[in-house]
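A.B. asks: Quick one: the structure is below, questions incoming.
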Amino acid sequence: MTLLRILLGGFFLFSACSKLFSLDSFELYVFSMGLAGFDVCAVVARLVVVFELVIGIAYLLGIYRRTVNLTALVSLVLFSLFLGWRMALGDERSCHCMGEIADLKPFDSLVKNVILGLMCWRLSVLYRRKGPRTVSCCGGVEESCSCCTSSCCGNVVEDSVNSLPGVKGFRKCNAQVKVFLERQQRWLLVGSLAVALILPFAVTPPDCFQRTGEGSHYFIEQEFTLRAAELGLDEGRKVLCFYSTACEFCQRCASRMAGIIRHYGLPAEEVQVIFMQSEENQESASRAFFEEYGEGLQLPFHVLHPFDFIPMTSGNMPLVLLIEDGKLVKEYDYTSLEDREIVDFLR
């Protein structure tokens with residue numbers, strides 16, 4: 001029983017930590033569901049991590065055992081139903097349930113959840129057989145009885161076992177730890193919840209917590225004006241993105257922009273991209289970039305030599321601009337990007 005509890009606790013903690021250190025990917029996956037705006041999805045992604053941290057810590061400490069186990073089992077059922085829904089829609093992308101440590105497809109994650117669910121079910125059966133946990137009159141934590149009998153309190157122990165060096169001291173220490181955990185479990189749960197809430201928001205704060213409202217100021221409009229007519233960007237309202245195919249944050253920004261376009265039903269032709277030339281066959285590399293990071297959404301794009309690209313962006317990327325008749329309206333970097341302002345601008 002203890003081994004099962006430790007295995008489950010360890011797995012929930014491992015799952016939470018693997019998401020914690022690759023939250024960008026996980027929040028983009030949540031956003032790709034199209035259920036809410038990016039800022040809401042970023043917070044939801046962190047709350048999933050908080051939930052797994054609390055469950056994992058509670059399992060390892062052995063507090064509120066039955067409640068924690070039931071909560072874990074219900075969550076596994078709900079996550080499995082979600083995975084089944086994604087599979088029915090033909091979604092074969094990694095759900096990032098193990099962060100970037102393991103690339104699990106929905107079916108792989110479903111199998112994992114079934115195994116974990118069986119472990120939770122087995123643990124609940126063992127808990128029912130043991131009965132409720134109580135603190136006995138002689139200081140030990142009991143699993144079934146409400147009275148203090150010689151068998152339940154440990155007064156009758158085989159002499160041969162008790163005579164072994166350190167056995168009495170170990171059992172006494174173990175009993176004291178159990179008593180402490182049992183009596184302080186409410187405060188331990190509160191402490192676990194506090195740590196779990198702080199950790200994901202402190203390690204990787206969501207973008208909405210870091211915005212100053214000023215956007216970015218890297219774009220050099222004079223350099224862009226010289227090329228706007230040539231690029232066909234001197235008329236109408238456009239969202240213009242500056243990317244490099246090798247830039248990690250550009251890849252994330254492309255995923256986020258694709259999610260915004262799909263979620264809000266924006267016209268893809270009004271969102272254009274300027275790539276910095278970094279490949280011998282840049283056009284082919286750009287299309288592969290959209291296929292891999294832009295959810296397959298092929299946006300209109302242009303390619304500029306670094307000598308033209310860098311003076312426009314001051315060497316910073318990604319940049320996302322709102323352009324009206326060739327004039328800059330608003331500038332964003334990856335952190336300051338706001339989907340609602342982009343939607344309002346194009347509509």
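Starting from 1 in every chain, residues are counted up; chains themselves are A, B, ... following the order of the structure tokens, and ligands are numbered from 1 as listed.
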As an MDAnalysis selection string, please: every residue in stretch 237-315 of chain A that a backbone DSSP assignment puts in strand (DSSP E or B).

C.D. replies: chainID A and resid 237:243 271:276 301:304

A.B. asks: Let me see the file: selected residues, N, CA, C and O atoms, as a tab-separated table (two decimals), in the first residue's frame.

C.D. replies:
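Written out: out.tsv:
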chain	number	residue	atom	x	y	z
A	237	ARG	N	-5.09	47.44	-43.52
A	237	ARG	CA	-4.67	47.01	-42.19
A	237	ARG	C	-4.05	45.62	-42.27
A	237	ARG	O	-4.64	44.70	-42.85
A	238	LYS	N	-2.88	45.48	-41.70
A	238	LYS	CA	-2.16	44.21	-41.72
A	238	LYS	C	-1.56	43.94	-40.34
A	238	LYS	O	-1.19	44.87	-39.61
A	239	VAL	N	-1.46	42.65	-40.04
A	239	VAL	CA	-0.63	42.22	-38.91
A	239	VAL	C	0.65	41.67	-39.53
A	239	VAL	O	0.60	40.77	-40.36
A	240	LEU	N	1.78	42.23	-39.14
A	240	LEU	CA	3.06	41.88	-39.76
A	240	LEU	C	3.99	41.27	-38.71
A	240	LEU	O	4.25	41.89	-37.67
A	241	CYS	N	4.46	40.06	-38.99
A	241	CYS	CA	5.33	39.35	-38.05
A	241	CYS	C	6.74	39.24	-38.62
A	241	CYS	O	6.90	38.91	-39.80
A	242	PHE	N	7.73	39.49	-37.79
A	242	PHE	CA	9.13	39.35	-38.19
A	242	PHE	C	9.70	38.12	-37.49
A	242	PHE	O	9.77	38.07	-36.25
A	243	TYR	N	10.11	37.11	-38.29
A	243	TYR	CA	10.60	35.84	-37.75
A	243	TYR	C	11.95	35.47	-38.36
A	243	TYR	O	12.31	35.93	-39.45
A	271	VAL	N	-2.66	38.55	-42.16
A	271	VAL	CA	-1.51	38.32	-41.29
A	271	VAL	C	-0.34	37.89	-42.17
A	271	VAL	O	-0.38	36.81	-42.76
A	272	GLN	N	0.67	38.72	-42.26
A	272	GLN	CA	1.80	38.43	-43.14
A	272	GLN	C	3.09	38.34	-42.33
A	272	GLN	O	3.19	38.87	-41.23
A	273	VAL	N	4.06	37.65	-42.91
A	273	VAL	CA	5.32	37.37	-42.21
A	273	VAL	C	6.50	37.82	-43.06
A	273	VAL	O	6.48	37.66	-44.29
A	274	ILE	N	7.48	38.40	-42.41
A	274	ILE	CA	8.76	38.70	-43.06
A	274	ILE	C	9.82	37.84	-42.38
A	274	ILE	O	10.04	37.96	-41.17
A	275	PHE	N	10.45	36.95	-43.15
A	275	PHE	CA	11.51	36.10	-42.64
A	275	PHE	C	12.88	36.71	-42.94
A	275	PHE	O	13.08	37.29	-44.02
A	276	MET	N	13.78	36.54	-42.01
A	276	MET	CA	15.17	36.90	-42.27
A	276	MET	C	15.83	35.75	-43.03
A	276	MET	O	15.70	34.59	-42.65
A	301	PHE	N	4.13	35.39	-47.02
A	301	PHE	CA	5.40	35.78	-46.42
A	301	PHE	C	6.34	36.40	-47.45
A	301	PHE	O	6.19	36.22	-48.67
A	302	HIS	N	7.32	37.13	-46.93
A	302	HIS	CA	8.38	37.74	-47.72
A	302	HIS	C	9.70	37.35	-47.06
A	302	HIS	O	9.74	37.03	-45.86
A	303	VAL	N	10.76	37.40	-47.83
A	303	VAL	CA	12.09	37.08	-47.31
A	303	VAL	C	13.01	38.29	-47.53
A	303	VAL	O	13.05	38.85	-48.64
A	304	LEU	N	13.70	38.71	-46.47
A	304	LEU	CA	14.62	39.83	-46.58
A	304	LEU	C	16.03	39.38	-46.18
A	304	LEU	O	16.20	38.58	-45.26

A.B. asks: Report the residues of stretch 197-270 of chain A whose backbone DSSP state falls under helix (DSSP H, G or I), written as a PyMOL selection string.

C.D. replies: chain A and resi 197-203+207-210+221-231+248-264+268-270

A.B. asks: Please produce a file of the residues just selected, as a CSV table (one decimal), in the first residue's frame, where the atoms kept are C-alpha atoms.

C.D. replies:
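Result file again.csv:
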chain,number,residue,atom,x,y,z
A,197,LEU,CA,0.5,28.0,-6.1
A,198,ILE,CA,3.6,30.1,-5.8
A,199,LEU,CA,6.0,27.8,-7.7
A,200,PRO,CA,4.7,27.8,-11.3
A,201,PHE,CA,3.8,31.5,-11.2
A,202,ALA,CA,7.2,32.4,-9.8
A,203,VAL,CA,9.4,30.2,-11.9
A,207,ASP,CA,3.0,36.9,-20.0
A,208,CYS,CA,0.0,38.8,-18.7
A,209,PHE,CA,1.8,39.2,-15.4
A,210,GLN,CA,4.8,40.8,-17.0
A,221,GLU,CA,9.7,52.6,-39.0
A,222,GLN,CA,11.8,54.7,-41.3
A,223,GLU,CA,13.6,51.6,-42.6
A,224,PHE,CA,10.3,49.9,-43.1
A,225,THR,CA,8.8,52.8,-45.0
A,226,LEU,CA,11.5,52.5,-47.7
A,227,ARG,CA,10.3,48.9,-48.5
A,228,ALA,CA,6.6,49.0,-47.6
A,229,ALA,CA,5.4,49.7,-51.2
A,230,GLU,CA,7.7,47.0,-52.6
A,231,LEU,CA,6.4,44.5,-50.1
A,248,GLU,CA,13.0,29.4,-30.7
A,249,PHE,CA,10.8,32.3,-29.6
A,250,CYS,CA,9.8,32.9,-33.3
A,251,GLN,CA,8.6,29.3,-33.4
A,252,ARG,CA,6.5,29.8,-30.3
A,253,CYS,CA,5.2,33.1,-31.6
A,254,ALA,CA,4.1,31.4,-34.9
A,255,SER,CA,2.2,28.7,-32.9
A,256,ARG,CA,0.5,31.4,-30.9
A,257,MET,CA,-0.4,33.5,-33.9
A,258,ALA,CA,-1.8,30.4,-35.6
A,259,GLY,CA,-3.9,29.8,-32.5
A,260,ILE,CA,-5.2,33.4,-32.5
A,261,ILE,CA,-6.1,33.2,-36.2
A,262,ARG,CA,-8.0,29.9,-35.8
A,263,HIS,CA,-9.6,30.7,-32.4
A,264,TYR,CA,-11.0,34.1,-33.5
A,268,ALA,CA,-5.2,34.6,-42.8
A,269,GLU,CA,-4.3,36.9,-45.7
A,270,GLU,CA,-4.3,39.9,-43.4

A.B. asks: State, in Å with one decimal place, the distance from atom CA of A:Met1 to atom CA of A:Thr67.

C.D. replies: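 Atom CA of A:Thr67 lies at a distance of 15.5 Å from atom CA of A:Met1.
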
A.B. asks: Could you list, as a ChimeraX atom specification, every residue within 9 Å of A:Leu81, counting only C-alpha atoms and ignoring same-chain residues fewer than 5 positions away?

C.D. replies: /A:76,86,110

A.B. asks: Considering only C-alpha atoms, state which residue in the set A:Glu341, A:Glu279, A:Asp108, A:Asp24 is at the smallest distance from A:Leu83.

C.D. replies: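 Using only C-alpha atoms, A:Leu83 sits closest to A:Asp108.
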
A.B. asks: Excluding same-chain residues fewer than 3 positions from A:Ser192, what lies within 8 Å of it counting only C-alpha atoms, as a ChimeraX atom specification?

C.D. replies: /A:54,57-58,188-189,195-196

A.B. asks: Identify which of the residues A:Pro206, A:Gly99, A:Arg122, A:Arg128 lies closest to A:Leu47, counting only C-alpha atoms when measuring atom-to-atom distances.

C.D. replies: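 Of all the options, A:Pro206 lies closest to A:Leu47.
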
A.B. asks: Please report the interatomic distance between atom CA of A:Ala88 and atom CA of A:Lys105 in Å with one decimal.

C.D. replies: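 One can read the atom CA of A:Ala88 to atom CA of A:Lys105 distance as 13.1 Å.
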
A.B. asks: Taking only C-alpha atoms into account, which of A:Ser75, A:Phe219, A:Thr245, A:Met33 comes nearest A:Val320?

C.D. replies: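 Checking each candidate against A:Val320, we get A:Phe219 as the closest.
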
A.B. asks: Between atom CA of A:Lys330 and atom CA of A:Phe307, what is the distance, to one decimal in Å?

C.D. replies: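 Spanning atom CA of A:Lys330 to atom CA of A:Phe307 is a straight-line distance of 23.9 Å.
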
A.B. asks: Select, from A:Ala246, A:Arg93, A:Glu324, A:Leu193, the residue with the minimum atom-to-atom distance to A:Ala288, counting only C-alpha atoms.

C.D. replies: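 Between A:Ala246, A:Arg93, A:Glu324, A:Leu193, the residue approaching A:Ala288 most closely is A:Ala246.
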
A.B. asks: Show which residues sit within 8 Å of A:Gly37, as a list in words. Count only C-alpha atoms, and ignore same-chain residues fewer than 5 positions away.

C.D. replies: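 Listed by chain and then number, they are Phe31, Asp339 and Arg340 of chain A.
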